[in-house]
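Take a look at the structure below.
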Amino acid sequence: MAEQKRDYYEVLGVDKNADEETIKKAYRALAKKYHPDMNPGDKDAEAKFKEASEAYAVLSDPQKKAQYDQFGHAAFSQGGGYGAGGFDFNSMDFGDIFGDLFGDMFGSRRANRTGPRKGANLRTAVRITFEEAVFGCEKEIELTLKDECKTCHGSGAKAGTNPVTCTKCGGKGQIVYTQQSLFGTVQNVQTCPDCSGSGKVIKDKCPDCYGTGYISNRKKIEVSIPAGIDNGQCVRIREKGEPGVNGGPRGDLLVEVNVARHPIFQRRDYDIFSTAPISYAQAALGGDVMIDTVDGKVVYTVKAGTQTDTKVRLKNKGVPVLNNKNARGDHYVTLVVQVPTGLTQSARELLKQFDSVTGDSLNYVKKHTDEASAENNSKKNKKKKGIFN
C-alpha cells in the first residue's frame, strides 16, 4: 500500500487562503533549508526538499491549485509526472526562486563588485568615569588606520605601471558557472578568485604598500562623549574606518564606551540611586543634612521621626537625557539611621533618661516581662493541681 501524501498546505506550513507571495516565501525557506547542495548525502533532507517542491509546483499554479482545492491529491492521480502526480516539473518556472536561493546560499547575487563600495567599519573602546558619562567629556584615543599610499596613490601598482584588466572575469569581478540540480542547469555567480572582485590584476606591485594601495599609520582621534551616555553604548565617528573600495567612502569608527563603577552612586536608565547616613538625633528631631549628588553636596531637610530606610527623591538631580540637555532623571536617596556605638558613660545616662521620659523601650520590656512571668506561674499552678492542656 502506497504511503499517503501529506497535505500540500501542511507541507509548506501555510494557510489555505495564503496568497501567491506567502506560498513562494514559505517554499523558498524550505528549499534553502533542505536543498541537496546544502545537505550532501542526507536522504531525509532530499526527500523533504522533493516534497516541498512538489507542493509548490501545485500551489503556485492557479489552475492546479484550484484542482487540488477541489479534489485533493486525486486531481493528479492519473498520468505521468513526479511521483503519483500528473504534472511535469519541467513545465514549472523555478528561475526566480533558485536565482534568489543560490544567491543567498552562496553570496552570489549579481552585485556590481567593480563599482565604488563603502569601507568596513572599525570598532574600538574607551573607558570613562561615572561623572564623565553623566556630563559628557572629550577623550583622545589612539589606533591604527589605513591611508592611501602616497607612492602609488592607492593603485597598488609600481610607479610607471598600472593594474590591468583581469583576464579571468574580463574586468567584471565575477565569474558565472553552471550547476546541475534536480530541476536542470542552474546558473550561479561567484567572486573572481584571481582579482578578488576588483576586476583588476596588479602585475608589478608597489614596493611601499606591497600592492594593497594603503599604508597603516598610528593616529590620535578626538572623541566627543555626549552627556547621558550609558555603559556599552557607542559613539559613531563618520568616515574614520577602513578605506572604501574603487573610490567609495571610508567606513565609520564605532567607539564603545565603558563606564567605571562609582563607589556611592548607582545608575538605572537616567535615575541615580544612593544611600545617606543620618544620626539618631537627626532622625528623631529632624533637621538639615548634607547629601552627595553628581552636582555636589545639597542640603535636604529631614522630617522629625524619620525611620531608617526612608526613601527621598531629589528631582532633576539624575543623569541628563541623551541628546536632550533640558531633561534629566531624578536622584533617589535611602536614608539610613546610624545607631551610636562606643558611648561614654554620660551619653549612656542621657539616653537612659531619654528612654525613661519617652517610656518606649523600658515600658515595653517591663510589660512583656510581667506577662511572661504571669504565664509561667499559671502553668506551674495548673501542673500542681493535675490540670493539663
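Just remember, in the C-alpha cells the first chain shown is A, the second B, etc., residues are 1-based per chain, and ligands are 1-based in the order shown.
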Selection: 12 Å around A:Ala26, only C-alpha atoms, excl. self and same-chain fewer than 2 positions, as an mmCIF file with C-alpha atoms, in the first residue's frame:
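New file selection00.cif:
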data_model
loop_
_atom_site.group_PDB
_atom_site.id
_atom_site.type_symbol
_atom_site.label_atom_id
_atom_site.label_comp_id
_atom_site.auth_asym_id
_atom_site.auth_seq_id
_atom_site.Cartn_x
_atom_site.Cartn_y
_atom_site.Cartn_z
ATOM 1 C CA TYR A 8 0.405 20.384 0.384
ATOM 2 C CA TYR A 9 -0.570 23.324 2.599
ATOM 3 C CA GLU A 10 0.730 21.417 5.614
ATOM 4 C CA VAL A 11 3.980 20.660 3.796
ATOM 5 C CA LEU A 12 4.638 24.358 3.145
ATOM 6 C CA GLY A 13 3.223 25.435 6.508
ATOM 7 C CA VAL A 14 0.742 27.917 5.034
ATOM 8 C CA ASP A 15 -2.982 28.515 5.332
ATOM 9 C CA ALA A 18 -2.432 32.099 1.610
ATOM 10 C CA ASP A 19 -1.633 34.361 -1.336
ATOM 11 C CA GLU A 20 0.960 33.671 -4.016
ATOM 12 C CA GLU A 21 3.708 35.669 -2.310
ATOM 13 C CA THR A 22 3.209 33.848 1.012
ATOM 14 C CA ILE A 23 3.364 30.450 -0.725
ATOM 15 C CA LYS A 24 6.509 31.470 -2.579
ATOM 16 C CA ARG A 28 11.852 29.407 -0.613
ATOM 17 C CA ALA A 29 12.642 28.967 3.103
ATOM 18 C CA LEU A 30 12.159 25.186 2.914
ATOM 19 C CA ALA A 31 14.124 24.871 -0.329
ATOM 20 C CA LYS A 32 17.011 26.742 1.205
ATOM 21 C CA LYS A 33 16.907 24.555 4.318
ATOM 22 C CA ALA A 52 8.185 20.810 -0.686
ATOM 23 C CA SER A 53 8.971 21.248 -4.390
ATOM 24 C CA ALA A 55 3.708 21.092 -3.110
ATOM 25 C CA TYR A 56 4.991 24.373 -4.520
ATOM 26 C CA LEU A 59 0.061 25.570 -5.203
ATOM 27 C CA SER A 60 1.993 28.148 -7.237
ATOM 28 C CA ILE A 97 13.114 31.028 -6.792
#
Among stretch 278-342 of chain A, which ones does DSSP place in strand (DSSP E), written as a PyMOL selection string? chain A and resi 278-279+287-293+296-302+310-314+320-321+324-328+331-338
Writer output for current selection, C-alpha atoms, as an mmCIF file, in the first residue's frame:
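Saved to result-v4.cif:
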data_model
loop_
_atom_site.group_PDB
_atom_site.id
_atom_site.type_symbol
_atom_site.label_atom_id
_atom_site.label_comp_id
_atom_site.auth_asym_id
_atom_site.auth_seq_id
_atom_site.Cartn_x
_atom_site.Cartn_y
_atom_site.Cartn_z
ATOM 1 C CA ILE A 278 21.778 60.375 59.302
ATOM 2 C CA SER A 279 22.270 60.477 63.051
ATOM 3 C CA GLY A 287 16.765 68.996 60.546
ATOM 4 C CA ASP A 288 19.093 69.694 57.626
ATOM 5 C CA VAL A 289 21.510 67.036 56.361
ATOM 6 C CA MET A 290 24.109 67.097 53.556
ATOM 7 C CA ILE A 291 23.614 64.630 50.704
ATOM 8 C CA ASP A 292 26.151 63.849 47.973
ATOM 9 C CA THR A 293 24.940 64.175 44.363
ATOM 10 C CA GLY A 296 27.954 68.252 44.568
ATOM 11 C CA LYS A 297 26.569 68.357 48.101
ATOM 12 C CA VAL A 298 22.979 69.535 48.555
ATOM 13 C CA VAL A 299 21.016 70.325 51.717
ATOM 14 C CA TYR A 300 17.965 68.211 52.443
ATOM 15 C CA THR A 301 15.584 68.797 55.358
ATOM 16 C CA VAL A 302 14.794 65.560 57.200
ATOM 17 C CA THR A 310 13.150 56.041 54.252
ATOM 18 C CA LYS A 311 13.497 56.935 50.543
ATOM 19 C CA VAL A 312 13.537 60.532 49.358
ATOM 20 C CA ARG A 313 13.576 61.962 45.828
ATOM 21 C CA LEU A 314 15.819 64.760 44.609
ATOM 22 C CA PRO A 320 20.863 64.187 31.649
ATOM 23 C CA VAL A 321 18.800 62.560 28.909
ATOM 24 C CA ASN A 324 18.334 66.355 25.288
ATOM 25 C CA LYS A 325 20.212 68.660 27.648
ATOM 26 C CA ASN A 326 16.975 70.152 29.020
ATOM 27 C CA ALA A 327 15.786 66.868 30.589
ATOM 28 C CA ARG A 328 17.278 64.928 33.497
ATOM 29 C CA HIS A 331 18.200 61.041 42.340
ATOM 30 C CA TYR A 332 16.668 58.641 44.871
ATOM 31 C CA VAL A 333 18.313 58.546 48.314
ATOM 32 C CA THR A 334 17.756 55.923 51.022
ATOM 33 C CA LEU A 335 18.231 57.450 54.478
ATOM 34 C CA VAL A 336 19.915 55.074 56.938
ATOM 35 C CA VAL A 337 19.744 55.922 60.671
ATOM 36 C CA GLN A 338 23.125 55.379 62.327
#
Could you tell me which of A:Pro340, A:Pro36, A:Gly136, A:Gly171 comes closest to A:Ala227 if we count only C-alpha atoms? A:Gly136
Straight-line distance linking atom CA of A:His262 with atom CA of A:Lys317, stated in Å to one decimal: 16.0 Å
Give me the residues within 8 Å of A:Ala284 as a JSON list (two decimals) with C-alpha atoms, in the first residue's frame, counting only C-alpha atoms and dropping any in the same chain fewer than 6 places off.
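The result, stored in selection-v9.json:
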[["chain", "number", "residue", "atom", "x", "y", "z"],
["A", 304, "ALA", "CA", 11.15, 64.63, 62.58],
["A", 305, "GLY", "CA", 10.56, 60.95, 63.30],
["A", 306, "THR", "CA", 12.19, 59.74, 60.08]]
Which distance in Å separates atom CA of A:Gly232 and atom CA of A:Lys220, to one decimal? 21.9 Å
Might you pull out every residue within 9 Å of stretch 193-205 of chain A, with only C-alpha atoms counted and same-chain residues fewer than 4 positions away left off, and present them as a VMD selection string? chain A and resid 113 to 115 155 to 159 161 to 175 209 to 212 245 to 246
Could you name the residues that touch A:Lys150 at 10 Å or less, counting only C-alpha atoms, but leaving out those on the same chain fewer than 4 positions away, as an MDAnalysis selection string? chainID A and resid 154:155 208:209 213:215
Here is a test: counting only C-alpha atoms, which residue of A:Tyr27, A:Tyr68, A:Phe130, A:Phe265 is nearest to A:Lys48?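 Nearest candidate to A:Lys48 out of A:Tyr27, A:Tyr68, A:Phe130, A:Phe265: A:Tyr27.
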